[in-house]
>>> print(open('work14.cif').read())   # mmCIF, C-alpha atoms and all ligand atoms
data_structure
loop_
_atom_site.label_atom_id
_atom_site.label_comp_id
_atom_site.auth_asym_id
_atom_site.auth_seq_id
_atom_site.Cartn_x
_atom_site.Cartn_y
_atom_site.Cartn_z
CA MET A 1 19.60 -8.72 17.21
CA ASP A 2 17.73 -8.10 20.46
CA ILE A 3 13.98 -8.17 19.97
CA ASN A 4 12.94 -8.30 23.62
CA LEU A 5 11.08 -5.13 24.52
CA THR A 6 12.74 -2.82 27.04
CA GLN A 7 10.83 -1.44 30.03
CA GLU A 8 10.34 1.84 28.14
CA GLU A 9 9.00 0.02 25.09
CA LEU A 10 6.61 -2.00 27.25
CA SER A 11 5.27 1.25 28.77
CA PHE A 12 4.83 2.66 25.26
CA GLN A 13 2.95 -0.49 24.25
CA ALA A 14 0.63 -0.09 27.25
CA GLU A 15 0.02 3.57 26.37
CA VAL A 16 -0.85 2.64 22.76
CA LYS A 17 -3.24 -0.10 23.94
CA GLU A 18 -4.96 2.33 26.29
CA PHE A 19 -5.29 4.97 23.56
CA LEU A 20 -6.78 2.46 21.11
CA SER A 21 -9.26 1.10 23.60
CA GLU A 22 -10.37 4.55 24.84
CA ASN A 23 -10.87 5.81 21.29
CA ALA A 24 -12.51 2.73 19.73
CA HIS A 25 -15.61 3.25 17.59
CA LYS A 26 -18.81 2.94 19.61
CA PRO A 27 -21.45 0.91 17.76
CA GLY A 28 -24.39 3.04 16.63
CA THR A 29 -22.37 6.28 16.38
CA ASP A 30 -21.50 8.00 13.10
CA TYR A 31 -18.45 6.27 11.59
CA ASN A 32 -17.12 9.18 9.51
CA GLU A 33 -17.42 11.66 12.36
CA TRP A 34 -15.55 9.21 14.61
CA ARG A 35 -12.92 8.59 11.93
CA LEU A 36 -11.99 12.25 11.41
CA ASN A 37 -12.08 12.87 15.15
CA TRP A 38 -9.84 9.81 15.78
CA PHE A 39 -7.07 11.38 13.70
CA LYS A 40 -7.47 14.67 15.60
CA VAL A 41 -7.14 12.92 18.96
CA ALA A 42 -4.16 10.95 17.61
CA ALA A 43 -2.59 14.26 16.50
CA SER A 44 -2.98 15.64 20.01
CA LYS A 45 -0.82 12.75 21.31
CA GLY A 46 2.09 14.28 19.38
CA GLY A 47 1.95 13.09 15.79
CA TRP A 48 0.26 9.72 16.29
CA ASP A 49 -1.96 10.59 13.29
CA VAL A 50 1.15 10.61 11.04
CA PRO A 51 3.38 7.99 12.69
CA LYS A 52 5.74 7.62 9.74
CA TRP A 53 6.30 11.33 9.14
CA PRO A 54 9.59 12.77 10.38
CA GLU A 55 9.53 14.97 13.46
CA ALA A 56 10.35 18.05 11.37
CA PHE A 57 6.96 17.62 9.66
CA GLY A 58 4.96 16.83 12.81
CA GLY A 59 5.59 13.09 13.18
CA PRO A 60 6.24 11.48 16.57
CA GLY A 61 9.93 10.61 15.96
CA TRP A 62 9.48 7.01 17.07
CA SER A 63 12.17 4.37 17.03
CA PRO A 64 11.66 1.45 14.59
CA THR A 65 10.59 -0.74 17.53
CA GLN A 66 7.90 1.77 18.48
CA HIS A 67 6.68 1.67 14.88
CA TYR A 68 6.56 -2.11 15.09
CA ILE A 69 4.52 -1.97 18.29
CA TRP A 70 2.15 0.57 16.72
CA GLU A 71 1.67 -1.65 13.64
CA GLN A 72 0.97 -4.69 15.80
CA GLU A 73 -1.51 -2.94 18.06
CA THR A 74 -3.36 -0.97 15.37
CA SER A 75 -3.71 -4.13 13.27
CA ARG A 76 -5.48 -5.78 16.20
CA ALA A 77 -7.71 -2.81 17.06
CA GLN A 78 -10.30 -1.63 14.58
CA THR A 79 -8.59 1.67 13.75
CA PRO A 80 -10.22 3.88 11.08
CA TRP A 81 -9.51 3.19 7.43
CA ASP A 82 -6.81 5.27 5.86
CA LEU A 83 -5.40 5.55 2.34
CA PRO A 84 -1.68 5.33 1.62
CA PHE A 85 -1.49 7.48 -1.51
CA GLY A 86 -1.24 10.97 -0.01
CA LEU A 87 -0.04 10.06 3.44
CA SER A 88 2.73 7.55 2.83
CA MET A 89 3.46 7.80 -0.88
CA LEU A 90 3.26 11.45 -1.94
CA ALA A 91 4.06 13.09 1.42
CA PRO A 92 7.67 11.78 1.59
CA VAL A 93 8.26 13.01 -1.99
CA LEU A 94 6.94 16.46 -1.06
CA MET A 95 9.07 16.50 2.10
CA ASN A 96 12.25 15.51 0.25
CA TYR A 97 11.87 17.21 -3.10
CA GLY A 98 8.91 19.64 -2.96
CA SER A 99 9.33 23.41 -2.55
CA LYS A 100 8.30 25.12 0.72
CA GLU A 101 5.19 26.45 -1.09
CA GLN A 102 4.23 22.95 -2.25
CA GLN A 103 4.75 21.53 1.24
CA ASN A 104 2.59 24.26 2.80
CA ARG A 105 -0.06 23.85 0.12
CA PHE A 106 -0.47 20.08 0.15
CA LEU A 107 0.77 18.52 3.40
CA PRO A 108 -1.85 19.98 5.81
CA ASP A 109 -4.80 18.64 3.75
CA ILE A 110 -3.11 15.25 3.41
CA ARG A 111 -2.63 15.14 7.17
CA ASP A 112 -6.27 16.11 7.82
CA ARG A 113 -7.46 13.34 5.45
CA LEU A 114 -9.47 15.97 3.54
CA VAL A 115 -8.07 15.32 0.06
CA ASN A 116 -7.83 11.98 -1.74
CA TRP A 117 -4.84 11.26 -3.97
CA CYS A 118 -4.23 8.56 -6.57
CA GLN A 119 -0.99 7.25 -8.08
CA GLY A 120 -0.66 7.72 -11.85
CA TYR A 121 2.40 5.64 -12.69
CA SER A 122 1.36 2.54 -14.71
CA GLU A 123 0.27 2.72 -18.34
CA PRO A 124 -0.93 0.12 -20.84
CA ASN A 125 2.69 -0.48 -21.95
CA ALA A 126 4.49 0.52 -18.79
CA GLY A 127 4.03 -1.70 -15.74
CA SER A 128 7.06 -3.70 -14.65
CA ASP A 129 8.95 -1.67 -17.24
CA LEU A 130 7.66 1.58 -15.79
CA ALA A 131 10.32 3.77 -17.39
CA ASN A 132 8.67 3.00 -20.74
CA LEU A 133 5.82 5.39 -19.87
CA LYS A 134 4.55 7.61 -22.68
CA THR A 135 2.08 10.11 -21.16
CA LYS A 136 3.44 13.28 -22.69
CA ALA A 137 3.85 16.60 -20.88
CA ALA A 138 4.82 19.40 -23.28
CA LEU A 139 6.04 22.65 -21.75
CA SER A 140 4.31 25.74 -23.20
CA GLU A 141 6.44 28.29 -25.05
CA ASP A 142 6.03 30.84 -22.26
CA GLY A 143 7.10 28.19 -19.74
CA THR A 144 4.00 28.61 -17.55
CA HIS A 145 2.36 25.20 -17.94
CA TYR A 146 2.56 21.67 -19.34
CA LEU A 147 0.03 20.25 -21.77
CA VAL A 148 -0.53 16.64 -20.72
CA ASN A 149 -1.85 13.82 -22.94
CA GLY A 150 -1.87 10.08 -22.32
CA THR A 151 -3.47 7.13 -20.55
CA LYS A 152 -2.86 5.71 -17.09
CA VAL A 153 -4.14 2.28 -16.08
CA TRP A 154 -4.90 0.34 -12.90
CA THR A 155 -5.19 3.68 -11.10
CA THR A 156 -6.54 2.70 -7.69
CA LEU A 157 -9.40 4.89 -6.46
CA ALA A 158 -9.01 7.43 -9.28
CA HIS A 159 -12.83 7.66 -9.23
CA ILE A 160 -12.81 9.21 -5.77
CA ALA A 161 -9.51 11.05 -6.03
CA ASP A 162 -9.22 14.84 -6.00
CA TRP A 163 -5.62 14.79 -7.24
CA MET A 164 -3.21 12.46 -9.03
CA PHE A 165 0.57 12.37 -8.62
CA CYS A 166 1.65 11.47 -12.07
CA LEU A 167 4.78 10.42 -13.93
CA THR A 168 4.96 12.05 -17.37
CA ARG A 169 7.38 12.01 -20.28
CA THR A 170 9.10 15.32 -21.00
CA ASN A 171 11.99 14.01 -23.06
CA ASP A 172 12.04 10.98 -25.33
CA THR A 173 15.64 11.08 -26.45
CA GLY A 174 18.38 9.31 -24.51
CA LYS A 175 17.92 7.07 -21.48
CA LYS A 176 14.23 6.40 -20.73
CA GLN A 177 14.64 7.13 -17.01
CA GLU A 178 16.10 10.56 -17.69
CA GLY A 179 13.08 12.10 -19.42
CA ILE A 180 10.42 11.68 -16.73
CA THR A 181 8.76 14.51 -14.80
CA PHE A 182 6.67 14.29 -11.62
CA LEU A 183 3.47 16.38 -11.86
CA LEU A 184 0.50 16.95 -9.55
CA ILE A 185 -2.78 17.03 -11.49
CA PRO A 186 -6.27 17.92 -10.19
CA MET A 187 -8.69 15.14 -11.15
CA LYS A 188 -11.96 17.08 -11.22
CA GLN A 189 -11.51 18.93 -14.50
CA GLU A 190 -12.34 18.68 -18.18
CA GLY A 191 -9.92 16.42 -20.05
CA ILE A 192 -9.74 13.80 -17.29
CA GLU A 193 -11.89 10.77 -18.04
CA VAL A 194 -12.02 7.97 -15.45
CA LYS A 195 -13.28 4.57 -16.65
CA PRO A 196 -13.92 1.80 -14.10
CA ILE A 197 -12.21 -1.61 -14.34
CA ILE A 198 -14.09 -4.32 -12.46
CA THR A 199 -11.65 -6.87 -11.09
CA LEU A 200 -12.02 -10.65 -10.55
CA GLY A 201 -13.40 -10.18 -7.03
CA GLY A 202 -16.28 -8.15 -8.49
CA SER A 203 -15.24 -4.84 -6.99
CA HIS A 204 -14.49 -1.44 -8.47
CA SER A 205 -11.24 -0.11 -7.08
CA VAL A 206 -9.08 0.35 -10.18
CA ASN A 207 -9.56 2.50 -13.26
CA MET A 208 -8.29 3.54 -16.65
CA VAL A 209 -7.64 7.31 -16.75
CA HIS A 210 -7.50 9.15 -20.08
CA ILE A 211 -5.81 12.55 -19.93
CA THR A 212 -6.53 14.80 -22.89
CA ASP A 213 -5.06 18.30 -23.35
CA VAL A 214 -4.92 18.96 -19.62
CA LYS A 215 -2.99 22.12 -18.67
CA VAL A 216 -0.85 21.70 -15.58
CA PRO A 217 0.84 24.83 -14.16
CA VAL A 218 4.62 24.53 -13.68
CA GLU A 219 4.04 25.24 -9.96
CA ASN A 220 2.62 21.68 -9.84
CA ARG A 221 5.91 20.10 -10.90
CA ILE A 222 7.89 18.46 -8.13
CA GLY A 223 11.60 19.21 -8.35
CA GLU A 224 13.30 19.52 -11.69
CA GLU A 225 12.06 18.59 -15.15
CA ASN A 226 13.30 15.14 -16.31
CA LYS A 227 14.32 14.15 -12.77
CA GLY A 228 11.02 12.57 -11.72
CA TRP A 229 12.28 8.98 -11.94
CA GLY A 230 14.70 9.53 -9.08
CA TYR A 231 11.95 11.04 -6.90
CA ALA A 232 9.48 8.24 -7.68
CA LYS A 233 12.00 5.44 -7.25
CA GLY A 234 13.00 6.36 -3.70
CA LEU A 235 9.42 5.73 -2.73
CA LEU A 236 9.16 2.20 -3.99
CA ALA A 237 11.16 0.56 -1.19
CA HIS A 238 8.84 2.19 1.39
CA GLU A 239 5.77 1.12 -0.63
CA ARG A 240 6.97 -2.50 -0.77
CA THR A 241 7.62 -2.70 2.95
CA GLY A 242 4.09 -1.38 3.58
CA LEU A 243 2.50 -3.87 1.19
CA ALA A 244 4.02 -6.85 3.02
CA GLY A 245 1.27 -6.38 5.66
CA ILE A 246 2.90 -8.68 8.21
CA SER A 247 1.11 -7.36 11.31
CA ARG A 248 -2.22 -7.63 9.47
CA SER A 249 -1.41 -11.22 8.48
CA ILE A 250 -0.65 -12.15 12.10
CA VAL A 251 -4.11 -10.91 13.09
CA ALA A 252 -5.72 -12.59 10.05
CA LEU A 253 -4.09 -15.90 11.01
CA GLU A 254 -5.63 -15.69 14.48
CA SER A 255 -9.05 -15.09 12.86
CA LEU A 256 -8.54 -17.99 10.47
CA LYS A 257 -7.84 -20.36 13.36
CA ASN A 258 -10.99 -19.18 15.15
CA GLN A 259 -13.07 -19.47 11.99
CA ALA A 260 -11.79 -22.94 11.14
CA GLY A 261 -12.30 -23.89 14.79
CA SER A 262 -15.99 -23.00 14.43
CA VAL A 263 -16.48 -25.33 11.42
CA LYS A 264 -17.67 -28.79 12.60
CA ARG A 265 -15.89 -31.92 11.35
CA GLY A 266 -17.02 -35.22 12.92
CA ASN A 267 -16.68 -34.86 16.66
CA GLY A 268 -14.28 -31.97 16.38
CA SER A 269 -13.62 -29.00 14.12
CA LEU A 270 -11.78 -28.30 10.88
CA MET A 271 -8.79 -27.24 12.97
CA ASP A 272 -8.49 -30.86 14.16
CA GLU A 273 -8.29 -32.20 10.62
CA PRO A 274 -4.61 -33.11 9.96
CA THR A 275 -4.36 -31.84 6.36
CA PHE A 276 -5.91 -28.48 7.17
CA LYS A 277 -3.91 -28.20 10.38
CA LEU A 278 -0.69 -28.86 8.47
CA LYS A 279 -1.42 -26.05 6.00
CA VAL A 280 -2.09 -23.65 8.87
CA ALA A 281 1.09 -24.76 10.66
CA GLU A 282 3.22 -24.27 7.51
CA LEU A 283 1.71 -20.86 7.01
CA GLU A 284 2.38 -19.90 10.62
CA ALA A 285 6.03 -21.01 10.37
CA ASP A 286 6.54 -19.00 7.17
CA LEU A 287 4.84 -15.97 8.68
CA MET A 288 7.12 -16.15 11.70
CA ALA A 289 10.16 -16.28 9.40
CA VAL A 290 8.99 -13.17 7.51
CA GLU A 291 8.26 -11.43 10.80
CA TYR A 292 11.88 -12.00 11.81
CA THR A 293 13.03 -10.62 8.46
CA GLU A 294 10.94 -7.54 9.15
CA LEU A 295 12.50 -7.23 12.59
CA ARG A 296 15.97 -7.45 11.03
CA SER A 297 14.97 -4.73 8.62
CA LEU A 298 13.75 -2.61 11.57
CA ALA A 299 17.03 -3.17 13.38
CA ASN A 300 18.78 -1.95 10.21
CA ALA A 301 16.55 1.13 10.08
CA ALA A 302 17.30 1.76 13.76
CA SER A 303 20.91 2.28 12.74
CA GLY A 304 19.70 5.08 10.45
CA ASN A 305 19.74 3.13 7.16
CA GLU A 306 17.07 3.40 4.44
CA PRO A 307 15.15 0.19 3.58
CA GLY A 308 17.35 -1.78 1.21
CA PRO A 309 16.70 -4.68 -1.17
CA GLU A 310 15.36 -6.73 1.76
CA SER A 311 12.10 -4.78 1.26
CA SER A 312 11.69 -6.95 -1.88
CA ILE A 313 11.88 -10.13 0.26
CA LEU A 314 9.19 -8.70 2.53
CA LYS A 315 6.92 -7.75 -0.39
CA LEU A 316 7.44 -11.13 -2.10
CA LYS A 317 6.88 -13.37 0.92
CA GLY A 318 4.41 -11.06 2.71
CA THR A 319 2.01 -10.96 -0.26
CA GLU A 320 2.28 -14.72 -0.86
CA ILE A 321 1.32 -15.26 2.78
CA GLN A 322 -1.67 -12.93 2.40
CA GLN A 323 -2.79 -15.02 -0.59
CA ARG A 324 -2.41 -18.29 1.33
CA LEU A 325 -4.48 -16.83 4.17
CA GLN A 326 -7.25 -15.91 1.73
CA ARG A 327 -7.12 -19.35 0.18
CA LEU A 328 -7.39 -21.12 3.53
CA THR A 329 -10.26 -18.83 4.58
CA MET A 330 -12.06 -19.80 1.40
CA GLU A 331 -11.34 -23.48 2.05
CA ALA A 332 -12.61 -23.17 5.62
CA GLY A 333 -15.87 -21.70 4.28
CA GLY A 334 -16.22 -24.76 2.02
CA ILE A 335 -19.23 -24.73 -0.30
CA TYR A 336 -20.55 -21.63 1.45
CA SER A 337 -17.68 -19.61 0.02
CA SER A 338 -19.23 -20.22 -3.40
CA ALA A 339 -22.53 -18.68 -2.27
CA TRP A 340 -20.79 -15.41 -2.84
CA GLY A 341 -22.88 -12.29 -2.25
CA MET A 342 -25.75 -14.17 -0.54
CA SER A 343 -26.31 -12.73 2.89
CA ASN A 344 -27.85 -15.62 4.81
CA VAL A 345 -26.06 -18.80 3.79
CA GLY A 346 -23.38 -20.49 5.90
CA PRO A 347 -21.02 -18.92 8.43
CA SER A 348 -20.60 -15.14 8.07
CA PHE A 349 -16.84 -15.35 7.34
CA ALA A 350 -17.54 -17.53 4.27
CA ARG A 351 -19.58 -14.81 2.55
CA SER A 352 -16.51 -12.89 1.49
CA GLY A 353 -14.31 -16.01 1.18
CA MET A 354 -14.41 -16.30 -2.60
CA SER A 355 -14.26 -12.56 -3.38
CA GLY A 356 -11.36 -12.18 -0.91
CA TYR A 357 -9.53 -15.07 -2.56
CA LEU A 358 -10.04 -13.71 -6.08
CA SER A 359 -9.09 -10.16 -5.11
CA SER A 360 -5.93 -11.43 -3.46
CA ARG A 361 -4.54 -12.58 -6.83
CA ALA A 362 -3.53 -8.95 -7.40
CA PHE A 363 -1.35 -8.78 -4.25
CA THR A 364 1.62 -10.35 -6.04
CA ILE A 365 1.23 -8.00 -9.02
CA TYR A 366 0.81 -4.45 -7.73
CA GLY A 367 3.65 -2.54 -6.10
CA GLY A 368 6.00 -4.55 -8.35
CA ALA A 369 5.22 -8.10 -9.54
CA SER A 370 6.78 -11.06 -7.71
CA GLU A 371 9.04 -11.97 -10.64
CA VAL A 372 10.49 -8.47 -10.54
CA GLN A 373 11.07 -8.70 -6.77
CA LYS A 374 12.88 -12.01 -7.37
CA ASP A 375 15.16 -10.23 -9.86
CA VAL A 376 15.95 -7.58 -7.23
CA VAL A 377 16.69 -10.25 -4.60
CA ALA A 378 18.86 -12.25 -7.05
CA LYS A 379 20.93 -9.23 -8.00
CA ASN A 380 21.07 -7.12 -4.86
CA VAL A 381 20.71 -9.62 -2.00
CA LEU A 382 22.27 -12.79 -3.43
CA GLY A 383 24.74 -10.87 -5.62
CA LEU A 384 24.00 -12.95 -8.73
CA LYS A 385 24.94 -11.41 -12.05
CA LYS A 386 22.16 -10.65 -14.58
C1 LIG A 401 -5.27 -4.23 -8.19
C2 LIG A 401 -4.17 -3.40 -8.79
C3 LIG A 401 -4.00 -2.09 -8.35
C4 LIG A 401 -3.02 -1.27 -8.92
N1 LIG A 401 -2.93 0.05 -8.54
C5 LIG A 401 -2.07 0.89 -9.18
C6 LIG A 401 -2.06 2.30 -8.92
O1 LIG A 401 -2.81 2.81 -8.07
N2 LIG A 401 -1.22 3.09 -9.63
C7 LIG A 401 -0.35 2.58 -10.56
O2 LIG A 401 0.40 3.36 -11.14
N3 LIG A 401 -0.35 1.24 -10.85
C8 LIG A 401 -1.18 0.39 -10.19
N4 LIG A 401 -1.20 -0.96 -10.50
C9 LIG A 401 -0.34 -1.45 -11.56
C10 LIG A 401 0.77 -2.38 -11.11
O3 LIG A 401 1.82 -1.66 -10.51
C11 LIG A 401 1.22 -3.16 -12.35
O4 LIG A 401 0.16 -4.06 -12.67
C12 LIG A 401 2.48 -3.96 -12.10
O5 LIG A 401 3.58 -3.11 -12.00
C13 LIG A 401 2.73 -5.00 -13.25
O6 LIG A 401 2.70 -4.37 -14.48
P1 LIG A 401 1.77 -4.92 -15.67
O7 LIG A 401 0.39 -5.14 -15.13
O8 LIG A 401 1.91 -3.99 -16.82
O9 LIG A 401 2.33 -6.33 -16.03
P2 LIG A 401 3.62 -6.63 -16.90
O10 LIG A 401 4.73 -5.77 -16.48
O11 LIG A 401 3.23 -6.63 -18.34
O12 LIG A 401 3.93 -8.10 -16.45
C14 LIG A 401 3.25 -9.23 -16.98
C15 LIG A 401 3.93 -10.48 -16.46
O13 LIG A 401 5.29 -10.51 -16.89
C16 LIG A 401 6.16 -10.65 -15.77
N5 LIG A 401 7.40 -9.87 -15.96
C17 LIG A 401 7.49 -8.59 -16.32
N6 LIG A 401 8.79 -8.20 -16.33
C18 LIG A 401 9.53 -9.26 -15.94
C19 LIG A 401 10.92 -9.50 -15.74
N7 LIG A 401 11.81 -8.53 -15.93
N8 LIG A 401 11.31 -10.73 -15.36
C20 LIG A 401 10.41 -11.72 -15.15
N9 LIG A 401 9.07 -11.55 -15.33
C21 LIG A 401 8.63 -10.36 -15.72
C22 LIG A 401 5.38 -10.06 -14.59
O14 LIG A 401 5.83 -10.54 -13.36
C23 LIG A 401 3.99 -10.51 -14.91
O15 LIG A 401 3.77 -11.84 -14.47
C24 LIG A 401 -2.16 -1.80 -9.92
C25 LIG A 401 -2.33 -3.14 -10.32
C26 LIG A 401 -3.32 -3.92 -9.79
C27 LIG A 401 -3.46 -5.33 -10.28
#
>>> encode(input="work14.cif", output="C-alpha cells", more="lines below")
Ligand SMILES: Cc1cc2nc3c(=O)[nH]c(=O)nc-3n(C[C@H](O)[C@H](O)[C@H](O)COP(=O)(O)OP(=O)(O)OC[C@H]3O[C@@H](n4cnc5c(N)ncnc54)[C@H](O)[C@@H]3O)c2cc1C
Amino acid sequence: MDINLTQEELSFQAEVKEFLSENAHKPGTDYNEWRLNWFKVAASKGGWDVPKWPEAFGGPGWSPTQHYIWEQETSRAQTPWDLPFGLSMLAPVLMNYGSKEQQNRFLPDIRDRLVNWCQGYSEPNAGSDLANLKTKAALSEDGTHYLVNGTKVWTTLAHIADWMFCLTRTNDTGKKQEGITFLLIPMKQEGIEVKPIITLGGSHSVNMVHITDVKVPVENRIGEENKGWGYAKGLLAHERTGLAGISRSIVALESLKNQAGSVKRGNGSLMDEPTFKLKVAELEADLMAVEYTELRSLANAASGNEPGPESSILKLKGTEIQQRLQRLTMEAGGIYSSAWGMSNVGPSFARSGMSGYLSSRAFTIYGGASEVQKDVVAKNVLGLKK
C-alpha cells in the first residue's frame, strides 16, 4: 500500500488549505450567515459542499486519498458545523433506493442545509437487536397512507428536526428483518411528541419520540414495503466509518499535548511527567495504528469496493481512542475539571473536561455498541464461527 502523496495529490492538498484559509470565519461576523455562505462557496468549487456524494448527484468525484486529505484538513480548520443525518445517512438511501420524485423533493434541501433530519431506528426494546422494532405502520384500505404508532428512543436532535427517517413494522409474521418498511415522517405535526432525555454530560441532544396515529402518505415510503431493512443496513457500514473520527482525534491529540504542556508540574509541565507522558505515547501509537487501518480501508475503496467488516474495527478502536482522549483531557485539567460549568476557574480547556468525559461514554454505544462490533470482527474478519 503506497500512502505517499503524488504530486497531483499534494497540489490538491494545497488548494484545499488555501480554500479553508480564505473562507475561515472572521471573528465578530455573523456565524450562521457565514456558515450557509461557506457551503455555497464550497458548492461553487464543484461539489465541495457534498464531498461524499457521487458525481451523478453533484459530488466532486474525489479519489479516496482526496477524501482523506479533505478530512485531515477540515478537521484542523474550523469548518462550519454540519449534521450527518440528512447529508450522509439519508441521502445515500434516497440516491440508491428513492424514486426520482423523492430525490428531487428531498435532496436539494438536504444539500442546502435548510432541513434538519433525525434517525428513528432505535426503540425501547430494539437497540443492538434493531430488527426487533415494533413501531407499527398499517396501510389504509385504499392504499393511500400508513397509520403509524409506536415509540422511538435516543433520537438525536429530534427536538430540532423537521423530518425523521423511520424504520417501521409492516409485517410481524416470519423473519423479523423481512417486515420492516422505511418511511419519511414530518416531525412538526399532531401525534408526534418529543420528550427530552438529559444525558450524563448534562446536555440535551437525545429524545424519546412518541408517534400516535400519524398518517404518512405512501409517497413517503422509500422503495418497497417490507424491504426497509436492506436499505437501512447498507448505511451502517458508512455510519461506522464516519463515527471512528480518526482525523478529529489526530487534531484533538495535538490539542491535548498543548494543553498538558501548559499545566505546570515542578520545574516543567504535565507533559514531562513520565506516567502522563506514557499514557499519551500509548494513545498516539494506537491512533497511528488505526490511522493505518483507515488508510488500508481507503486503498480498498480506491479499488471500487464498498466498506467491509473492517469498518467495525475502525468504529471500535476509533471510539475507544476518542474516550481515552477525553479522559486524558479531564486528567490534565485536574481538580479544575470538577468545577464543571464555572466560567472563571482554572485553565479554559478544563471547563468542559468533565462534561466531555461523561458525554464520551456514549461513543462506544451509539452506531452499534462495541460488543456488537466485536461480534462482527470475530465472524467476518477473523472467520470465527458463532
Ligand atoms: C447518545 C446516543 C445517541 C443515539 N442516537 C440515536 C439516533 O439518533 N437514532 C437511533 O435510532 N438510535 C440512536 N441511539 C441508540 C443506539 O444506536 C443504541 O443505544 C445502541 O444501538 C445500543 O442499543 P441499546 O441502547 O438498546 O442497548 P442494548 O442493545 O440493550 O445493549 C445493552 C448492552 O448489552 C450489550 N449487548 C447487546 N447485544 C449484544 C450481543 N449480541 N453480544 C454482546 N453484547 C451485547 C451491548 O453492547 C450493551 O453493552 C443513540 C444512543 C446514544 C447513547
>>> closest_residue(input="work14.cif", among="A:Thr293, A:Ser312, A:Gln259, A:Ser203", to="Pro347 (chain A)", atoms="only C-alpha atoms")
A:Gln259
>>> residues_near_ligand(input="work14.cif", ligand="ligand LIG 401 (chain A)", cutoff="8 Å", atoms="only C-alpha atoms and all ligand atoms", output="PyMOL selection string")
chain A and resi 118-130+152-158+199+205-206+359+362-363+365-372+375
>>> closest_residue(input="work14.cif", among="A:Trp48, A:Ala332, A:Thr65, A:Gly98", to="Lys264 (chain A)", atoms="only C-alpha atoms")
A:Ala332
>>> atom_distance(input="work14.cif", atom1="CA of Asn132 (chain A)", atom2="CA of Gln177 (chain A)")
8.2 Å
>>> closest_residue(input="work14.cif", among="A:Trp70, A:Val376, A:Gly46, A:Leu36", to="Ala14 (chain A)", atoms="all atoms listed in the file")
A:Trp70
>>> residues_around(input="work14.cif", residues="Leu107 (chain A)", least_positions_apart="4", cutoff="7 Å", atoms="all atoms listed in the file", output="MDAnalysis selection string")
chainID A and resid 91 103 111
>>> closest_residue(input="work14.cif", among="A:Gly353, A:Gly58, A:Gly268, A:Pro51", to="Leu328 (chain A)", atoms="all atoms listed in the file")
A:Gly353
>>> residues_around(input="work14.cif", residues="Thr74 (chain A)", least_positions_apart="2", cutoff="9 Å", atoms="all atoms listed in the file", output="PyMOL selection string")
chain A and resi 16-17+20+69-72+76-79+247-248
>>> residues_around(input="work14.cif", residues="region 225-235 of chain A", least_positions_apart="2", cutoff="7 Å", atoms="all atoms listed in the file", output="list in words")
Met89, Val93, Leu167, Thr170, Asn171, Gln177, Glu178, Gly179, Ile180, Thr181, Phe182, Gly223, Ala237, His238 and Glu239 of chain A
>>> atom_distance(input="work14.cif", atom1="CA of Asn305 (chain A)", atom2="CA of Cys166 (chain A)")
27.7 Å
>>> residues_around(input="work14.cif", residues="Arg113 (chain A)", least_positions_apart="6", cutoff="9 Å", atoms="only C-alpha atoms", output="list in words")
Leu36, Phe39, Asp82, Leu83, Gly86 and Leu87 of chain A
>>> residues_near_point(input="work14.cif", point="(-5.5, -22.1, 8.4)", cutoff="6 Å", atoms="all atoms listed in the file", output="PyMOL selection string")
chain A and resi 256-257+280+328
>>> closest_residue(input="work14.cif", among="A:Pro92, A:Gly150, A:Gly333, A:Gly201", to="Pro54 (chain A)", atoms="all atoms listed in the file")
A:Pro92
>>> atom_distance(input="work14.cif", atom1="CA of Gly191 (chain A)", atom2="CA of Lys215 (chain A)")
9.1 Å
>>> closest_residue(input="work14.cif", among="A:Val194, A:Leu139, A:Leu147, A:Ala378", to="Met164 (chain A)", atoms="all atoms listed in the file")
A:Val194
>>> build_atoms(input="work14.cif", residues="region 205-215 of chain A", atoms="N, CA and C atoms", output="PDB file, keeping the file's coordinate frame")
ATOM      1  N   SER A 205     -12.226  -0.922  -7.795  1.00  0.00           N
ATOM      2  CA  SER A 205     -11.240  -0.110  -7.080  1.00  0.00           C
ATOM      3  C   SER A 205     -10.220   0.468  -8.060  1.00  0.00           C
ATOM      4  N   VAL A 206     -10.073  -0.162  -9.227  1.00  0.00           N
ATOM      5  CA  VAL A 206      -9.080   0.350 -10.180  1.00  0.00           C
ATOM      6  C   VAL A 206      -9.760   0.927 -11.425  1.00  0.00           C
ATOM      7  N   ASN A 207      -8.990   1.757 -12.135  1.00  0.00           N
ATOM      8  CA  ASN A 207      -9.560   2.500 -13.260  1.00  0.00           C
ATOM      9  C   ASN A 207      -8.541   2.691 -14.368  1.00  0.00           C
ATOM     10  N   MET A 208      -9.096   3.033 -15.533  1.00  0.00           N
ATOM     11  CA  MET A 208      -8.290   3.540 -16.650  1.00  0.00           C
ATOM     12  C   MET A 208      -8.521   5.059 -16.621  1.00  0.00           C
ATOM     13  N   VAL A 209      -7.465   5.842 -16.773  1.00  0.00           N
ATOM     14  CA  VAL A 209      -7.640   7.310 -16.750  1.00  0.00           C
ATOM     15  C   VAL A 209      -7.069   7.884 -18.047  1.00  0.00           C
ATOM     16  N   HIS A 210      -7.970   8.486 -18.856  1.00  0.00           N
ATOM     17  CA  HIS A 210      -7.500   9.150 -20.080  1.00  0.00           C
ATOM     18  C   HIS A 210      -7.283  10.629 -19.774  1.00  0.00           C
ATOM     19  N   ILE A 211      -6.137  11.136 -20.172  1.00  0.00           N
ATOM     20  CA  ILE A 211      -5.810  12.550 -19.930  1.00  0.00           C
ATOM     21  C   ILE A 211      -5.666  13.221 -21.297  1.00  0.00           C
ATOM     22  N   THR A 212      -6.531  14.185 -21.561  1.00  0.00           N
ATOM     23  CA  THR A 212      -6.530  14.800 -22.890  1.00  0.00           C
ATOM     24  C   THR A 212      -6.395  16.323 -22.783  1.00  0.00           C
ATOM     25  N   ASP A 213      -5.313  16.842 -23.315  1.00  0.00           N
ATOM     26  CA  ASP A 213      -5.060  18.300 -23.350  1.00  0.00           C
ATOM     27  C   ASP A 213      -5.296  18.964 -21.997  1.00  0.00           C
ATOM     28  N   VAL A 214      -4.762  18.379 -20.961  1.00  0.00           N
ATOM     29  CA  VAL A 214      -4.920  18.960 -19.620  1.00  0.00           C
ATOM     30  C   VAL A 214      -3.725  19.870 -19.332  1.00  0.00           C
ATOM     31  N   LYS A 215      -4.057  21.143 -18.972  1.00  0.00           N
ATOM     32  CA  LYS A 215      -2.990  22.120 -18.670  1.00  0.00           C
ATOM     33  C   LYS A 215      -2.603  22.013 -17.207  1.00  0.00           C
TER      34      LYS A 215
END
